[in-house]
$ cat model16.cif   # mmCIF, C-alpha atoms
data_final
#
loop_
_atom_site.label_atom_id
_atom_site.label_comp_id
_atom_site.auth_asym_id
_atom_site.auth_seq_id
_atom_site.Cartn_x
_atom_site.Cartn_y
_atom_site.Cartn_z
CA MET A 1 4.24 -58.92 -0.45
CA LEU A 2 5.25 -61.31 -3.18
CA VAL A 3 5.05 -60.02 -6.75
CA ILE A 4 4.39 -62.92 -9.09
CA ASP A 5 4.97 -62.78 -12.83
CA GLU A 6 1.62 -63.57 -14.47
CA VAL A 7 3.30 -65.13 -17.51
CA TYR A 8 5.96 -67.31 -15.92
CA HIS A 9 4.22 -67.78 -12.53
CA HIS A 10 7.34 -67.29 -10.46
CA THR A 11 8.16 -64.84 -7.71
CA ALA A 12 9.72 -61.81 -9.35
CA LEU A 13 10.00 -59.49 -6.35
CA GLN A 14 9.50 -59.49 -2.63
CA ILE A 15 8.58 -56.03 -1.43
CA SER A 16 6.45 -54.51 1.29
CA SER A 17 2.96 -53.52 0.23
CA SER A 18 3.58 -49.90 1.24
CA ASP A 19 6.71 -49.74 -0.95
CA LEU A 20 4.85 -51.38 -3.82
CA LEU A 21 1.99 -48.92 -3.43
CA TYR A 22 4.47 -46.03 -3.44
CA LEU A 23 6.17 -47.34 -6.59
CA MET A 24 2.82 -47.81 -8.34
CA GLU A 25 1.87 -44.23 -7.48
CA GLN A 26 5.23 -43.05 -8.84
CA LEU A 27 4.67 -44.99 -12.07
CA LYS A 28 1.24 -43.41 -12.40
CA VAL A 29 2.70 -39.91 -11.92
CA LYS A 30 5.40 -40.69 -14.48
CA LYS A 31 2.78 -41.81 -17.03
CA GLU A 32 0.67 -38.69 -16.39
CA ASN A 33 3.77 -36.55 -16.99
CA GLU A 34 4.34 -38.36 -20.29
CA ILE A 35 0.80 -37.43 -21.35
CA GLU A 36 1.40 -33.78 -20.43
CA THR A 37 4.64 -33.79 -22.43
CA LEU A 38 2.86 -35.19 -25.49
CA LYS A 39 0.08 -32.59 -25.15
CA HIS A 40 2.72 -29.87 -24.98
CA LYS A 41 4.44 -31.16 -28.13
CA ILE A 42 1.12 -31.24 -30.00
CA GLU A 43 0.38 -27.67 -28.92
CA GLN A 44 3.85 -26.54 -30.07
CA PHE A 45 3.30 -28.16 -33.47
CA GLU A 46 -0.11 -26.50 -33.86
CA GLN A 47 1.29 -23.09 -32.87
CA LYS A 48 4.09 -23.49 -35.41
CA LYS A 49 1.59 -24.39 -38.15
CA ARG A 50 -0.63 -21.42 -37.27
CA ALA A 51 2.37 -19.07 -37.36
CA GLU A 52 3.43 -20.45 -40.74
CA GLU A 53 -0.09 -19.97 -42.10
CA VAL A 54 -0.27 -16.38 -40.83
CA ALA A 55 3.12 -15.63 -42.37
CA TYR A 56 2.04 -17.11 -45.70
CA GLN A 57 -1.26 -15.20 -45.72
CA SER A 58 0.57 -11.93 -45.08
CA LEU A 59 2.63 -12.33 -48.28
CA SER A 60 1.71 -10.42 -51.39
CA PRO A 61 0.13 -12.44 -54.24
CA VAL A 62 3.40 -12.38 -56.20
CA ARG A 63 5.41 -13.63 -53.20
CA LYS A 64 2.79 -16.30 -52.55
CA TRP A 65 3.27 -17.50 -56.10
CA PHE A 66 7.03 -17.83 -55.55
CA ALA A 67 6.77 -19.18 -52.02
CA GLY A 68 6.63 -22.90 -52.40
CA ARG A 69 4.27 -24.72 -50.08
CA PRO A 70 4.50 -28.40 -49.32
CA ALA A 71 1.99 -30.59 -51.09
CA SER A 72 -1.14 -31.41 -49.15
CA HIS A 73 -0.17 -35.06 -48.80
CA HIS A 74 3.13 -33.98 -47.18
CA GLN A 75 1.16 -31.86 -44.73
CA ALA A 76 -1.15 -34.80 -44.03
CA VAL A 77 1.79 -37.10 -43.30
CA GLU A 78 3.36 -34.47 -41.06
CA TYR A 79 0.06 -34.12 -39.19
CA MET A 80 -0.20 -37.88 -38.77
CA VAL A 81 3.31 -38.10 -37.34
CA GLN A 82 3.15 -35.01 -35.16
CA VAL A 83 -0.45 -35.25 -33.90
CA LYS A 84 -2.27 -38.51 -34.59
CA GLU A 85 0.57 -40.77 -33.47
CA ARG A 86 0.92 -38.76 -30.28
CA PHE A 87 -2.82 -39.03 -29.61
CA ARG A 88 -2.56 -42.78 -30.13
CA LYS A 89 0.38 -42.92 -27.72
CA MET A 90 -1.60 -40.86 -25.17
CA GLU A 91 -4.48 -43.35 -25.37
CA GLN A 92 -2.07 -46.24 -24.74
CA ILE A 93 -0.68 -44.42 -21.72
CA ARG A 94 -4.22 -43.77 -20.43
CA ARG A 95 -4.97 -47.49 -20.69
CA ARG A 96 -1.76 -48.17 -18.77
CA ILE A 97 -2.82 -45.68 -16.07
CA ARG A 98 -6.16 -47.50 -15.74
CA ASP A 99 -4.22 -50.75 -15.26
CA LEU A 100 -2.07 -49.08 -12.62
CA ASP A 101 -5.21 -47.83 -10.86
CA ARG A 102 -6.55 -51.40 -10.82
CA ILE A 103 -3.28 -52.66 -9.34
CA ILE A 104 -3.27 -49.89 -6.73
CA GLU A 105 -6.81 -50.86 -5.79
CA GLN A 106 -5.72 -54.50 -5.40
CA ILE A 107 -2.84 -53.47 -3.15
CA GLN A 108 -4.99 -51.20 -1.00
CA HIS A 109 -7.84 -53.71 -0.70
CA PRO A 110 -6.41 -57.22 -1.00
CA SER A 111 -8.76 -60.15 -1.39
CA SER A 112 -8.97 -62.54 1.53
CA ILE A 113 -7.57 -65.40 -0.56
CA GLU A 114 -4.22 -63.89 -1.53
CA ARG A 115 -3.21 -61.30 1.04
CA ASP A 116 0.51 -61.23 0.41
CA GLU A 117 0.65 -62.08 -3.30
CA ILE A 118 -0.12 -60.08 -6.39
CA GLU A 119 0.20 -61.08 -10.04
CA LEU A 120 1.63 -58.43 -12.33
CA SER A 121 2.60 -58.36 -15.97
CA THR A 122 6.22 -58.70 -17.00
CA ASP A 123 6.25 -55.09 -18.24
CA THR A 124 4.95 -53.80 -14.92
CA ILE A 125 7.57 -55.77 -13.02
CA ARG A 126 10.29 -54.38 -15.30
CA GLU A 127 9.02 -50.83 -14.72
CA ILE A 128 8.98 -51.39 -10.96
CA ARG A 129 12.55 -52.65 -11.02
CA GLN A 130 13.70 -49.67 -13.10
CA LEU A 131 11.93 -47.26 -10.78
CA ARG A 132 13.40 -48.95 -7.70
CA GLU A 133 16.89 -48.59 -9.19
CA THR A 134 16.40 -44.89 -9.91
CA GLU A 135 14.88 -44.37 -6.44
CA ASP A 136 17.87 -46.13 -4.83
CA VAL A 137 20.31 -44.00 -6.80
CA GLN A 138 18.53 -40.77 -5.86
CA ALA A 139 18.09 -41.71 -2.18
#
$ encode --input "model16.cif" --output "structure tokens"
Amino acid sequence: MLVIDEVYHHTALQISSSDLLYLMEQLKVKKENEIETLKHKIEQFEQKKRAEEVAYQSLSPVRKWFAGRPASHHQAVEYMVQVKERFRKMEQIRRRIRDLDRIIEQIQHPSSIERDEIELSTDTIREIRQLRETEDVQA
């Protein structure tokens, strides 16, 4: 199967459809693992914040007065960095997974016009090449 760059319209790779399908599945698994990692980091942040709040609430009123707490806008910025940005990143990865699903569908059920050609984005081709290199090293 010829992999054609959709931007430059040149043949970027020549690979069997079964190998390409395998690499696409591997990319999808890798992206799903990235989402799980981000979810885990968000959960860790929320657990840390809950523990800090419990510790603060257990202080006596005098200790609370002396215990400095970050200003609310600092907490808001920390939340944006630790949670909102990660949710945004997760949504980007989900869109990428939907693209990979579409590509997998094209590989599994090629149209009658272009049986041995598929157009992929430059980023996808780069990811395939990186994955092939890591697969070759591990094999």
$ closest_residue --input "model16.cif" --among "A:Val77, A:Ile107, A:Leu120, A:Met90" --to "Asp19 in chain A" --atoms "only C-alpha atoms"
A:Ile107
$ residues_near_point --input "model16.cif" --point "(6.8, -19.0, -48.3)" --cutoff "10 Å" --atoms "only C-alpha atoms" --output "number ranges by chain"
A: 52-53, 55-59, 63-70
$ closest_residue --input "model16.cif" --among "A:Glu105, A:Glu135, A:Arg86, A:Arg126" --to "Glu36 in chain A" --atoms "all atoms listed in the file"
A:Arg86
$ closest_residue --input "model16.cif" --among "A:Ile97, A:Met80, A:Val62, A:Ala71" --to "Glu34 in chain A" --atoms "only C-alpha atoms"
A:Ile97
$ closest_residue --input "model16.cif" --among "A:Val54, A:Arg94, A:Glu133, A:Gln75" --to "Lys30 in chain A" --atoms "all atoms listed in the file"
A:Arg94
$ closest_residue --input "model16.cif" --among "A:Leu21, A:Leu13, A:Val83, A:Ile93" --to "His40 in chain A" --atoms "only C-alpha atoms"
A:Val83
$ resolve_selection --input "model16.cif" --expression "the PyMOL selection byres ((chain A and resi 100) around 10)" --output "PyMOL selection string"
chain A and resi 24-25+27-28+31+94-99+101-106+124
$ axis_aligned_box --input "model16.cif" --around "range 71-79 of chain A" --padding-each-side "3 Å" --output "JSON"
{"center_x": 1.1, "center_y": -33.8, "center_z": -45.1, "size_x": 10.5, "size_y": 12.5, "size_z": 17.9}
$ resolve_selection --input "model16.cif" --expression "the PyMOL selection byres ((chain A and resi 3) around 10)" --output "list in words"
Met1, Leu2, Ile4, Asp5, Glu6, His9, His10, Thr11, Ala12, Leu13, Gln14, Ile15, Ser16, Ser17, Leu20, Asp116, Glu117, Ile118, Glu119, Leu120, Ser121 and Ile125 of chain A
$ atom_distance --input "model16.cif" --atom1 "CA of Glu43 in chain A" --atom2 "CA of Gln92 in chain A"
19.2 Å
$ atom_distance --input "model16.cif" --atom1 "CA of Tyr79 in chain A" --atom2 "CA of Lys48 in chain A"
12.0 Å
$ closest_residue --input "model16.cif" --among "A:Tyr22, A:Ala51, A:Lys89, A:Asp136" --to "Leu38 in chain A" --atoms "only C-alpha atoms"
A:Lys89
$ atom_distance --input "model16.cif" --atom1 "CA of Lys84 in chain A" --atom2 "CA of Lys41 in chain A"
11.9 Å
